[in-house]
>>> print(open('input31.txt').read())   # compact mmCIF, C-alpha atoms
# COMPACT_ATOMS: atom_id res chain seq x y z
CA MET A 1 0.00 0.00 0.00
CA THR A 2 2.90 2.35 0.76
CA ARG A 3 4.05 2.28 -2.85
CA TYR A 4 0.62 3.49 -3.97
CA ILE A 5 0.72 6.44 -1.57
CA VAL A 6 4.27 7.43 -2.49
CA ALA A 7 3.68 7.11 -6.23
CA LEU A 8 0.43 9.01 -6.13
CA ALA A 9 1.87 11.74 -3.93
CA ALA A 10 4.44 12.33 -6.65
CA ILE A 11 1.72 12.35 -9.29
CA LEU A 12 -0.30 14.79 -7.19
CA SER A 13 2.56 17.25 -6.89
CA LEU A 14 3.21 17.07 -10.63
CA GLY A 15 -0.47 17.60 -11.40
CA LEU A 16 -0.72 20.69 -9.22
CA PHE A 17 2.49 22.10 -10.69
CA ALA A 18 1.15 21.62 -14.21
CA CYS A 19 -2.03 23.46 -13.30
CA SER A 20 -0.16 26.46 -11.90
CA LYS A 21 1.92 26.72 -15.06
CA GLU A 22 -1.01 26.70 -17.48
CA GLU A 23 -3.79 28.79 -16.04
CA SER A 24 -5.22 29.54 -19.47
CA GLY A 25 -6.52 25.99 -19.78
CA ILE A 26 -9.57 24.31 -18.28
CA THR A 27 -9.12 22.90 -14.78
CA ILE A 28 -10.74 19.59 -13.94
CA GLY A 29 -10.22 17.24 -11.03
CA VAL A 30 -10.13 13.60 -10.05
CA ALA A 31 -10.90 12.71 -6.45
CA GLY A 32 -10.77 9.48 -4.51
CA PRO A 33 -8.84 7.53 -1.87
CA ILE A 34 -5.24 8.31 -2.72
CA SER A 35 -4.34 7.14 0.77
CA GLY A 36 -5.93 4.70 3.19
CA SER A 37 -7.19 1.16 2.84
CA GLU A 38 -8.86 1.79 -0.54
CA ALA A 39 -5.84 3.53 -2.11
CA VAL A 40 -5.62 0.97 -4.91
CA PHE A 41 -8.87 2.37 -6.28
CA GLY A 42 -7.59 5.92 -5.98
CA GLU A 43 -4.61 4.84 -8.03
CA GLN A 44 -6.97 3.52 -10.71
CA PHE A 45 -8.86 6.81 -10.73
CA VAL A 46 -5.67 8.81 -11.17
CA HIS A 47 -4.25 6.64 -13.96
CA GLY A 48 -7.56 6.66 -15.82
CA ALA A 49 -8.03 10.41 -15.54
CA GLN A 50 -4.41 11.23 -16.41
CA ARG A 51 -4.45 9.19 -19.61
CA ALA A 52 -7.85 10.55 -20.63
CA VAL A 53 -6.58 14.10 -20.18
CA ALA A 54 -3.38 13.34 -22.08
CA ASP A 55 -5.30 11.76 -24.95
CA ILE A 56 -7.82 14.61 -25.14
CA ASN A 57 -5.07 17.24 -25.01
CA ALA A 58 -3.17 15.43 -27.77
CA LYS A 59 -6.23 15.95 -29.98
CA GLY A 60 -6.52 19.66 -29.25
CA GLY A 61 -8.14 19.72 -25.84
CA VAL A 62 -11.71 20.83 -25.13
CA LEU A 63 -13.11 23.93 -26.83
CA GLY A 64 -9.60 24.51 -28.12
CA LYS A 65 -8.12 24.65 -24.60
CA LYS A 66 -5.87 22.21 -22.80
CA LEU A 67 -7.16 20.37 -19.76
CA ASN A 68 -5.28 20.74 -16.48
CA LEU A 69 -5.80 17.97 -13.95
CA VAL A 70 -5.75 18.41 -10.17
CA ILE A 71 -5.96 15.47 -7.78
CA GLY A 72 -7.76 15.25 -4.46
CA ASP A 73 -7.30 12.65 -1.73
CA ASP A 74 -10.41 11.95 0.35
CA ALA A 75 -9.15 8.69 1.93
CA CYS A 76 -12.80 7.55 1.75
CA ASP A 77 -13.51 9.90 4.67
CA PRO A 78 -16.65 12.11 4.39
CA LYS A 79 -15.13 15.13 6.14
CA GLN A 80 -11.97 14.93 4.07
CA ALA A 81 -14.11 14.64 0.93
CA VAL A 82 -15.81 17.95 1.75
CA SER A 83 -12.39 19.57 2.16
CA VAL A 84 -11.31 18.12 -1.19
CA ALA A 85 -14.48 19.46 -2.84
CA ASN A 86 -13.89 22.94 -1.42
CA ASP A 87 -10.29 22.78 -2.60
CA MET A 88 -11.43 21.81 -6.10
CA ALA A 89 -13.77 24.82 -6.11
CA SER A 90 -10.99 27.15 -4.95
CA LYS A 91 -8.78 25.93 -7.79
CA GLY A 92 -11.48 26.72 -10.34
CA ALA A 93 -12.30 23.14 -11.32
CA VAL A 94 -15.39 22.89 -13.52
CA PHE A 95 -15.61 19.09 -13.41
CA VAL A 96 -14.57 16.31 -11.04
CA ALA A 97 -14.32 12.61 -11.81
CA GLY A 98 -15.03 11.17 -8.36
CA HIS A 99 -15.42 10.09 -5.72
CA TYR A 100 -15.01 6.36 -5.02
CA CYS A 101 -16.87 5.65 -1.77
CA SER A 102 -20.56 6.56 -1.81
CA GLY A 103 -20.09 7.98 1.68
CA THR A 104 -17.70 10.57 0.24
CA SER A 105 -19.39 11.23 -3.11
CA ILE A 106 -22.62 12.26 -1.41
CA PRO A 107 -21.30 15.03 0.92
CA ALA A 108 -18.85 16.23 -1.74
CA SER A 109 -21.68 16.55 -4.27
CA ASP A 110 -23.36 19.23 -2.15
CA VAL A 111 -20.24 21.38 -2.35
CA TYR A 112 -19.87 20.77 -6.08
CA ASN A 113 -23.50 21.69 -6.66
CA GLU A 114 -23.13 24.96 -4.77
CA SER A 115 -19.91 25.71 -6.68
CA GLY A 116 -21.19 24.94 -10.18
CA ILE A 117 -19.01 21.86 -10.64
CA VAL A 118 -20.20 18.82 -12.60
CA GLN A 119 -19.46 15.53 -10.83
CA ILE A 120 -19.31 12.13 -12.51
CA SER A 121 -18.50 9.24 -10.20
CA PRO A 122 -16.83 6.19 -11.74
CA ALA A 123 -17.73 4.01 -8.75
CA SER A 124 -20.28 5.30 -6.22
CA THR A 125 -23.26 2.94 -6.36
CA SER A 126 -25.53 4.14 -3.54
CA PRO A 127 -29.00 5.10 -4.87
CA ASP A 128 -28.93 8.16 -2.59
CA TYR A 129 -26.13 9.67 -4.66
CA THR A 130 -28.42 10.45 -7.58
CA ASP A 131 -31.82 10.10 -5.90
CA ARG A 132 -31.40 13.37 -3.99
CA GLY A 133 -32.15 15.30 -7.15
CA LEU A 134 -29.00 17.41 -7.48
CA PRO A 135 -28.62 18.44 -11.14
CA ASN A 136 -24.82 18.17 -11.21
CA VAL A 137 -24.37 14.50 -10.21
CA PHE A 138 -23.79 11.66 -12.65
CA ARG A 139 -22.17 8.22 -12.59
CA VAL A 140 -20.75 5.77 -15.12
CA CYS A 141 -21.35 2.77 -12.87
CA GLY A 142 -24.53 1.04 -11.73
CA ARG A 143 -26.65 1.35 -8.60
CA ASP A 144 -26.91 -0.87 -5.54
CA ASP A 145 -30.61 -1.37 -6.18
CA ALA A 146 -29.56 -3.01 -9.46
CA GLN A 147 -26.42 -4.71 -8.15
CA GLY A 148 -28.08 -6.25 -5.09
CA PRO A 149 -31.00 -7.81 -7.04
CA THR A 150 -28.59 -9.09 -9.71
CA ALA A 151 -26.66 -10.89 -6.98
CA ALA A 152 -29.86 -12.20 -5.38
CA ALA A 153 -31.07 -13.63 -8.69
CA TYR A 154 -27.71 -15.34 -9.28
CA VAL A 155 -27.56 -16.79 -5.77
CA ALA A 156 -31.16 -18.03 -5.98
CA ALA A 157 -30.45 -19.73 -9.31
CA HIS A 158 -27.03 -21.19 -8.54
CA PHE A 159 -27.41 -21.99 -4.83
CA ALA A 160 -31.00 -23.20 -4.63
CA GLY A 161 -31.81 -24.70 -1.26
CA LYS A 162 -28.54 -23.48 0.29
CA ARG A 163 -28.25 -21.56 3.55
CA ILE A 164 -27.53 -17.86 2.96
CA ALA A 165 -26.00 -15.38 5.41
CA VAL A 166 -25.90 -11.62 4.92
CA VAL A 167 -23.21 -9.38 6.44
CA ASP A 168 -22.42 -5.68 5.95
CA ASP A 169 -19.72 -3.31 7.17
CA LYS A 170 -22.12 -0.49 8.21
CA SER A 171 -20.81 1.84 5.48
CA THR A 172 -23.13 3.72 3.12
CA TYR A 173 -21.99 1.44 0.31
CA GLY A 174 -21.78 -1.83 2.18
CA LYS A 175 -25.01 -1.63 4.15
CA GLY A 176 -26.90 -0.27 1.17
CA LEU A 177 -25.71 -3.11 -1.03
CA ALA A 178 -26.42 -5.81 1.54
CA ASP A 179 -29.88 -4.37 2.23
CA GLU A 180 -30.75 -4.44 -1.48
CA PHE A 181 -29.54 -8.03 -1.77
CA LYS A 182 -31.54 -9.09 1.28
CA LYS A 183 -34.70 -7.34 0.08
CA ALA A 184 -34.51 -9.00 -3.34
CA MET A 185 -33.67 -12.40 -1.86
CA ASN A 186 -36.53 -12.22 0.64
CA ALA A 187 -38.89 -11.28 -2.20
CA LYS A 188 -37.96 -14.62 -3.78
CA GLY A 189 -39.04 -16.43 -0.63
CA ILE A 190 -35.52 -17.00 0.67
CA THR A 191 -34.81 -16.11 4.29
CA GLU A 192 -31.26 -15.61 5.48
CA VAL A 193 -29.96 -17.84 8.29
CA LEU A 194 -27.81 -15.01 9.68
CA HIS A 195 -27.84 -11.22 9.33
CA GLU A 196 -24.92 -9.39 10.93
CA SER A 197 -22.93 -6.15 10.74
CA ILE A 198 -19.20 -5.85 11.34
CA SER A 199 -16.92 -2.93 12.09
CA ALA A 200 -14.59 -2.09 9.23
CA GLY A 201 -10.91 -1.81 10.05
CA GLU A 202 -10.72 -4.74 12.44
CA LYS A 203 -8.32 -7.63 11.84
CA ASP A 204 -9.98 -10.48 13.71
CA TYR A 205 -13.37 -11.64 12.47
CA THR A 206 -13.29 -14.92 14.37
CA PRO A 207 -16.56 -14.16 16.22
CA LEU A 208 -18.34 -13.70 12.89
CA VAL A 209 -16.82 -16.88 11.48
CA SER A 210 -18.00 -18.78 14.55
CA LYS A 211 -21.56 -17.51 13.97
CA LEU A 212 -21.38 -18.54 10.31
CA LYS A 213 -20.22 -22.01 11.37
CA GLN A 214 -23.04 -22.30 13.90
CA ALA A 215 -25.58 -21.17 11.28
CA GLN A 216 -24.13 -23.68 8.81
CA ALA A 217 -24.04 -20.97 6.13
CA ASP A 218 -23.27 -22.24 2.64
CA VAL A 219 -23.07 -18.76 1.11
CA LEU A 220 -22.11 -15.44 2.69
CA TYR A 221 -23.26 -12.29 0.90
CA PHE A 222 -20.95 -9.50 2.02
CA GLY A 223 -21.67 -5.80 1.59
CA GLY A 224 -18.32 -4.11 2.12
CA TYR A 225 -14.81 -3.55 0.85
CA LYS A 226 -11.94 -5.77 -0.22
CA THR A 227 -9.88 -5.73 2.99
CA GLU A 228 -12.64 -6.94 5.29
CA GLY A 229 -14.01 -9.30 2.64
CA GLY A 230 -10.56 -10.78 2.14
CA LEU A 231 -9.90 -11.22 5.85
CA ILE A 232 -13.28 -12.86 6.43
CA THR A 233 -12.68 -15.24 3.53
CA ARG A 234 -9.23 -16.21 4.75
CA GLN A 235 -10.39 -16.69 8.33
CA MET A 236 -13.33 -18.83 7.20
CA ARG A 237 -10.91 -21.19 5.46
CA GLU A 238 -8.60 -21.23 8.47
CA GLN A 239 -11.53 -22.46 10.57
CA GLY A 240 -12.47 -25.08 7.99
CA LEU A 241 -15.52 -23.34 6.55
CA LYS A 242 -16.20 -23.88 2.88
CA THR A 243 -18.75 -21.05 2.83
CA ILE A 244 -18.61 -19.19 -0.50
CA LEU A 245 -18.29 -15.42 -0.25
CA VAL A 246 -20.33 -13.35 -2.71
CA GLY A 247 -19.71 -9.62 -2.84
CA GLY A 248 -19.96 -6.48 -4.90
CA ASP A 249 -17.72 -4.34 -7.09
CA ALA A 250 -15.39 -3.39 -4.22
CA LEU A 251 -13.79 -6.85 -4.48
CA VAL A 252 -12.70 -6.30 -8.08
CA THR A 253 -9.01 -5.71 -7.49
CA ASP A 254 -5.91 -7.89 -7.34
CA GLU A 255 -5.42 -6.68 -3.76
CA PHE A 256 -8.32 -8.91 -2.73
CA TRP A 257 -6.31 -11.97 -3.74
CA SER A 258 -3.18 -10.58 -2.09
CA ILE A 259 -5.15 -10.72 1.17
CA THR A 260 -6.80 -14.12 0.67
CA GLY A 261 -4.26 -16.06 -1.30
CA PRO A 262 -5.66 -19.44 -2.44
CA ALA A 263 -8.43 -19.05 0.17
CA GLY A 264 -10.08 -16.62 -2.25
CA GLU A 265 -10.62 -19.31 -4.88
CA GLY A 266 -14.26 -19.39 -5.96
CA THR A 267 -15.23 -16.01 -4.47
CA LEU A 268 -17.95 -14.41 -6.58
CA MET A 269 -18.67 -10.72 -7.19
CA THR A 270 -20.69 -8.34 -9.31
CA PHE A 271 -19.19 -5.59 -11.47
CA GLY A 272 -19.93 -3.94 -14.80
CA PRO A 273 -18.66 -5.42 -18.06
CA ASP A 274 -14.85 -5.33 -18.28
CA PRO A 275 -13.94 -2.68 -20.90
CA ARG A 276 -10.46 -4.20 -21.28
CA LEU A 277 -12.09 -7.05 -23.20
CA ASP A 278 -13.68 -4.77 -25.81
CA PRO A 279 -11.59 -5.01 -29.02
CA LYS A 280 -12.18 -1.29 -29.60
CA ASN A 281 -10.10 -0.58 -26.51
CA ALA A 282 -7.17 -2.83 -27.46
CA GLU A 283 -4.84 0.03 -28.39
CA LEU A 284 -5.64 1.97 -25.24
CA VAL A 285 -5.20 -1.06 -23.01
CA ALA A 286 -1.88 -1.79 -24.72
CA ALA A 287 -0.75 1.78 -24.03
CA PHE A 288 -1.46 1.37 -20.32
CA ARG A 289 0.39 -1.92 -20.24
CA ALA A 290 3.33 -0.44 -22.11
CA ASP A 291 3.63 1.92 -19.15
CA LYS A 292 3.56 -1.17 -16.92
CA TYR A 293 0.12 -0.42 -15.52
CA GLU A 294 -2.80 -2.82 -15.72
CA PRO A 295 -6.02 -0.80 -16.26
CA GLU A 296 -8.23 -3.01 -14.12
CA ALA A 297 -11.53 -2.22 -12.41
CA TYR A 298 -12.21 1.54 -12.31
CA THR A 299 -9.30 2.74 -14.46
CA LEU A 300 -11.28 2.77 -17.69
CA TYR A 301 -14.48 3.79 -15.93
CA THR A 302 -12.68 6.96 -14.84
CA TYR A 303 -11.37 7.41 -18.37
CA ALA A 304 -14.97 7.18 -19.59
CA ALA A 305 -16.17 9.77 -17.07
CA VAL A 306 -13.68 12.29 -18.45
CA GLN A 307 -14.62 11.37 -22.03
CA ALA A 308 -18.34 11.89 -21.40
CA TRP A 309 -17.82 15.27 -19.74
CA ALA A 310 -15.46 16.48 -22.49
CA GLN A 311 -17.90 15.50 -25.24
CA ALA A 312 -20.78 17.15 -23.36
CA VAL A 313 -18.78 20.39 -23.12
CA GLU A 314 -18.17 20.33 -26.86
CA LYS A 315 -21.89 19.80 -27.48
CA ALA A 316 -22.81 22.58 -25.03
CA GLY A 317 -20.14 24.91 -26.38
CA SER A 318 -19.38 25.89 -22.79
CA THR A 319 -18.05 24.59 -19.47
CA ASP A 320 -20.98 26.22 -17.65
CA ALA A 321 -22.40 23.57 -15.32
CA ALA A 322 -26.06 24.04 -16.24
CA LYS A 323 -25.33 23.81 -19.95
CA VAL A 324 -23.07 20.77 -19.55
CA GLU A 325 -25.61 19.03 -17.31
CA ALA A 326 -28.30 19.54 -19.96
CA ALA A 327 -25.97 18.18 -22.64
CA LEU A 328 -25.13 15.12 -20.54
CA LYS A 329 -28.83 14.31 -20.09
CA SER A 330 -29.84 14.79 -23.71
CA ASN A 331 -27.06 13.16 -25.73
CA LYS A 332 -25.15 9.92 -26.25
CA PHE A 333 -21.40 9.71 -25.81
CA ASP A 334 -18.82 7.42 -27.38
CA THR A 335 -16.62 6.11 -24.57
CA VAL A 336 -14.46 3.15 -23.65
CA LEU A 337 -17.61 1.72 -22.04
CA GLY A 338 -19.38 1.91 -25.37
CA GLN A 339 -22.05 4.46 -26.25
CA ILE A 340 -23.59 5.75 -23.05
CA GLY A 341 -26.14 8.31 -21.94
CA PHE A 342 -27.63 9.53 -18.68
CA ASN A 343 -31.19 9.75 -17.43
CA ALA A 344 -32.77 12.69 -15.61
CA LYS A 345 -31.23 11.59 -12.31
CA GLY A 346 -27.73 11.25 -13.76
CA ASP A 347 -27.64 7.45 -13.82
CA MET A 348 -26.01 5.75 -16.81
CA ASP A 349 -28.18 3.84 -19.28
CA ALA A 350 -25.50 1.30 -20.23
CA PRO A 351 -25.42 -2.49 -19.58
CA GLY A 352 -25.71 -3.47 -15.93
CA TYR A 353 -23.93 -5.91 -13.69
CA VAL A 354 -22.36 -9.25 -14.53
CA PHE A 355 -20.77 -11.91 -12.32
CA TYR A 356 -17.07 -12.58 -11.89
CA VAL A 357 -15.26 -15.37 -10.06
CA TRP A 358 -11.76 -15.54 -8.58
CA LYS A 359 -9.67 -18.35 -10.06
CA ASN A 360 -5.94 -18.91 -9.65
CA GLY A 361 -5.30 -15.36 -8.51
CA LYS A 362 -7.28 -13.66 -11.29
CA TYR A 363 -10.92 -12.78 -11.76
CA ALA A 364 -12.86 -13.74 -14.86
CA TYR A 365 -16.46 -13.86 -16.00
CA ALA A 366 -18.42 -16.48 -14.08
CA GLY A 367 -20.56 -19.02 -15.86
>>> encode(input="input31.txt", output="structure tokens")
Amino acid sequence: MTRYIVALAAILSLGLFACSKEESGITIGVAGPISGSEAVFGEQFVHGAQRAVADINAKGGVLGKKLNLVIGDDACDPKQAVSVANDMASKGAVFVAGHYCSGTSIPASDVYNESGIVQISPASTSPDYTDRGLPNVFRVCGRDDAQGPTAAAYVAAHFAGKRIAVVDDKSTYGKGLADEFKKAMNAKGITEVLHESISAGEKDYTPLVSKLKQAQADVLYFGGYKTEGGLITRQMREQGLKTILVGGDALVTDEFWSITGPAGEGTLMTFGPDPRLDPKNAELVAAFRADKYEPEAYTLYTYAAVQAWAQAVEKAGSTDAAKVEAALKSNKFDTVLGQIGFNAKGDMDAPGYVFYVWKNGKYAYAG
């Protein structure tokens, strides 16, 4: 994790220096967990946004002006996210690709709305993010009330008659996702054998594992992030449980396997379609890899967020938030995610969630 923080700190200083040297351009931002337990996702955000900016600038920029990128670290902390949002406003940013955690995107969006800044999150899935009716919020990912039911349908079909447990980490994202899964599962006539909440940041989840063993859970649906999900999985195996963990998009990172090792084999999770597999993105993916960076998970989703905003600005003929918001909601945009658009709330109208499974240290589409 330290290497992510050090590398991104260097990137951050370079980004801010570039902005100060070229004030005639258009300032945009990318915000996420550059530090903390979710820093791997912040790294993906930064790499995706940086390459998108570089590629757009190489083609003449936006409205004939170069884009200048500033980077904000919220560490997935709501208070820090508000500080980041205020800092983005003070630097004159007109757009922010961010944030990662729903619990940071939501408070930050209030500041962005007041400051006339368009926000497109590559990753925040809480329904509350767009349901509050702010005109400036958009996302290029799905919603928990789509992700949870997708998982419930899969579990019902593939684990019929099995004993299901539901656990969340109390976060906006984790609890919201677990609640949506439970609601959809219960609607199918399936009642969970255990429903628990854990405290994120702990290292020992033995008490939870003991409860899972006592409940004889065959499947554990976990609403939470990779660190806790990985530790629970590993500790289940250490206690001899074969319970299969099913989770959401926060498990889609190689760091999950670095925590679980072989214990993670067979773990299932939902995420959007992998844009790396689209032949149209082959050249872009190769460019990332040539720089020795694998554009997994949210890297290309962040790239798409910048693409959509830039194309909306060109259609609006202005960076004015109201005009760009209207353009985003009334047009289609060609991105690395395919052609996408946004509804009145700011939710993306692209394909939804699919299932992935961990095998031999890598994740791939599940059958």
>>> residues_around(input="input31.txt", residues="Pro273 of chain A", least_positions_apart="3", cutoff="12 Å", atoms="only C-alpha atoms", output="list in words")
Val140, Cys141, Gly142, Asp249, Val252, Thr270, Arg276, Leu277, Asp278, Glu296, Ala297, Tyr298, Leu300, Tyr301, Val336, Leu337, Gly338, Ala350, Pro351, Gly352, Tyr353, Val354, Phe355, Tyr356, Ala364, Tyr365 and Ala366 of chain A
>>> atom_distance(input="input31.txt", atom1="atom CA of Gly42 of chain A", atom2="atom CA of Ser121 of chain A")
12.2 Å
>>> residues_near_point(input="input31.txt", point="(-12.4, 27.6, -13.8)", cutoff="9 Å", atoms="all atoms listed in the file", output="list of chain:residue names")
A:Glu23, A:Gly25, A:Ile26, A:Thr27, A:Ile28, A:Ala89, A:Ser90, A:Lys91, A:Gly92, A:Ala93, A:Val94, A:Thr319
>>> write_last_selection(input="input31.txt", atoms="C-alpha atoms", output="PDB file, in the coordinates of the input")
ATOM      1  CA  GLU A  23      -3.790  28.790 -16.040  1.00  0.00           C
ATOM      2  CA  GLY A  25      -6.520  25.990 -19.780  1.00  0.00           C
ATOM      3  CA  ILE A  26      -9.570  24.310 -18.280  1.00  0.00           C
ATOM      4  CA  THR A  27      -9.120  22.900 -14.780  1.00  0.00           C
ATOM      5  CA  ILE A  28     -10.740  19.590 -13.940  1.00  0.00           C
ATOM      6  CA  ALA A  89     -13.770  24.820  -6.110  1.00  0.00           C
ATOM      7  CA  SER A  90     -10.990  27.150  -4.950  1.00  0.00           C
ATOM      8  CA  LYS A  91      -8.780  25.930  -7.790  1.00  0.00           C
ATOM      9  CA  GLY A  92     -11.480  26.720 -10.340  1.00  0.00           C
ATOM     10  CA  ALA A  93     -12.300  23.140 -11.320  1.00  0.00           C
ATOM     11  CA  VAL A  94     -15.390  22.890 -13.520  1.00  0.00           C
ATOM     12  CA  THR A 319     -18.050  24.590 -19.470  1.00  0.00           C
TER      13      THR A 319
END
>>> residues_around(input="input31.txt", residues="Ser197 of chain A", least_positions_apart="5", cutoff="7 Å", atoms="only C-alpha atoms", output="list in words")
Val167, Asp168, Asp169 and Lys170 of chain A
>>> residues_around(input="input31.txt", residues="Ser171 of chain A", least_positions_apart="6", cutoff="9 Å", atoms="all atoms listed in the file", output="list of chain:residue names")
A:Ser102, A:Gly103, A:Ala200, A:Gly223, A:Gly224
>>> residues_around(input="input31.txt", residues="Asp334 of chain A", least_positions_apart="2", cutoff="10 Å", atoms="all atoms listed in the file", output="PDB file with C-alpha atoms, in the coordinates of the input")
ATOM      1  CA  ALA A 304     -14.970   7.180 -19.590  1.00  0.00           C
ATOM      2  CA  GLN A 307     -14.620  11.370 -22.030  1.00  0.00           C
ATOM      3  CA  ALA A 308     -18.340  11.890 -21.400  1.00  0.00           C
ATOM      4  CA  GLN A 311     -17.900  15.500 -25.240  1.00  0.00           C
ATOM      5  CA  LYS A 332     -25.150   9.920 -26.250  1.00  0.00           C
ATOM      6  CA  VAL A 336     -14.460   3.150 -23.650  1.00  0.00           C
ATOM      7  CA  LEU A 337     -17.610   1.720 -22.040  1.00  0.00           C
ATOM      8  CA  GLY A 338     -19.380   1.910 -25.370  1.00  0.00           C
ATOM      9  CA  GLN A 339     -22.050   4.460 -26.250  1.00  0.00           C
ATOM     10  CA  ILE A 340     -23.590   5.750 -23.050  1.00  0.00           C
ATOM     11  CA  GLY A 341     -26.140   8.310 -21.940  1.00  0.00           C
TER      12      GLY A 341
END
>>> closest_residue(input="input31.txt", among="A:Ala187, A:Val46, A:Ala58, A:Val30", to="Ala81 of chain A", atoms="only C-alpha atoms")
A:Val30
>>> residues_around(input="input31.txt", residues="Arg139 of chain A", least_positions_apart="4", cutoff="6 Å", atoms="all atoms listed in the file", output="list in words")
Ile120, Ser121, Pro122 and Asp347 of chain A
>>> closest_residue(input="input31.txt", among="A:Gly148, A:Gly346, A:Gly60, A:Gly367", to="Ala326 of chain A", atoms="all atoms listed in the file")
A:Gly346
>>> closest_residue(input="input31.txt", among="A:Phe45, A:Tyr363, A:Phe159, A:Phe181", to="Phe271 of chain A", atoms="only C-alpha atoms")
A:Tyr363
>>> atom_distance(input="input31.txt", atom1="atom CA of Thr130 of chain A", atom2="atom CA of Lys345 of chain A")
5.6 Å
>>> closest_residue(input="input31.txt", among="A:Tyr303, A:Phe95, A:Tyr173, A:Tyr225", to="Val137 of chain A", atoms="only C-alpha atoms")
A:Phe95
>>> closest_residue(input="input31.txt", among="A:Glu114, A:Glu255, A:Asp131, A:Asp218", to="Arg143 of chain A", atoms="only C-alpha atoms")
A:Asp131
>>> atom_distance(input="input31.txt", atom1="atom CA of Ala157 of chain A", atom2="atom CA of Asp254 of chain A")
27.3 Å
>>> closest_residue(input="input31.txt", among="A:Gly248, A:Gly64, A:Gly201, A:Gly48", to="Gly317 of chain A", atoms="all atoms listed in the file")
A:Gly64
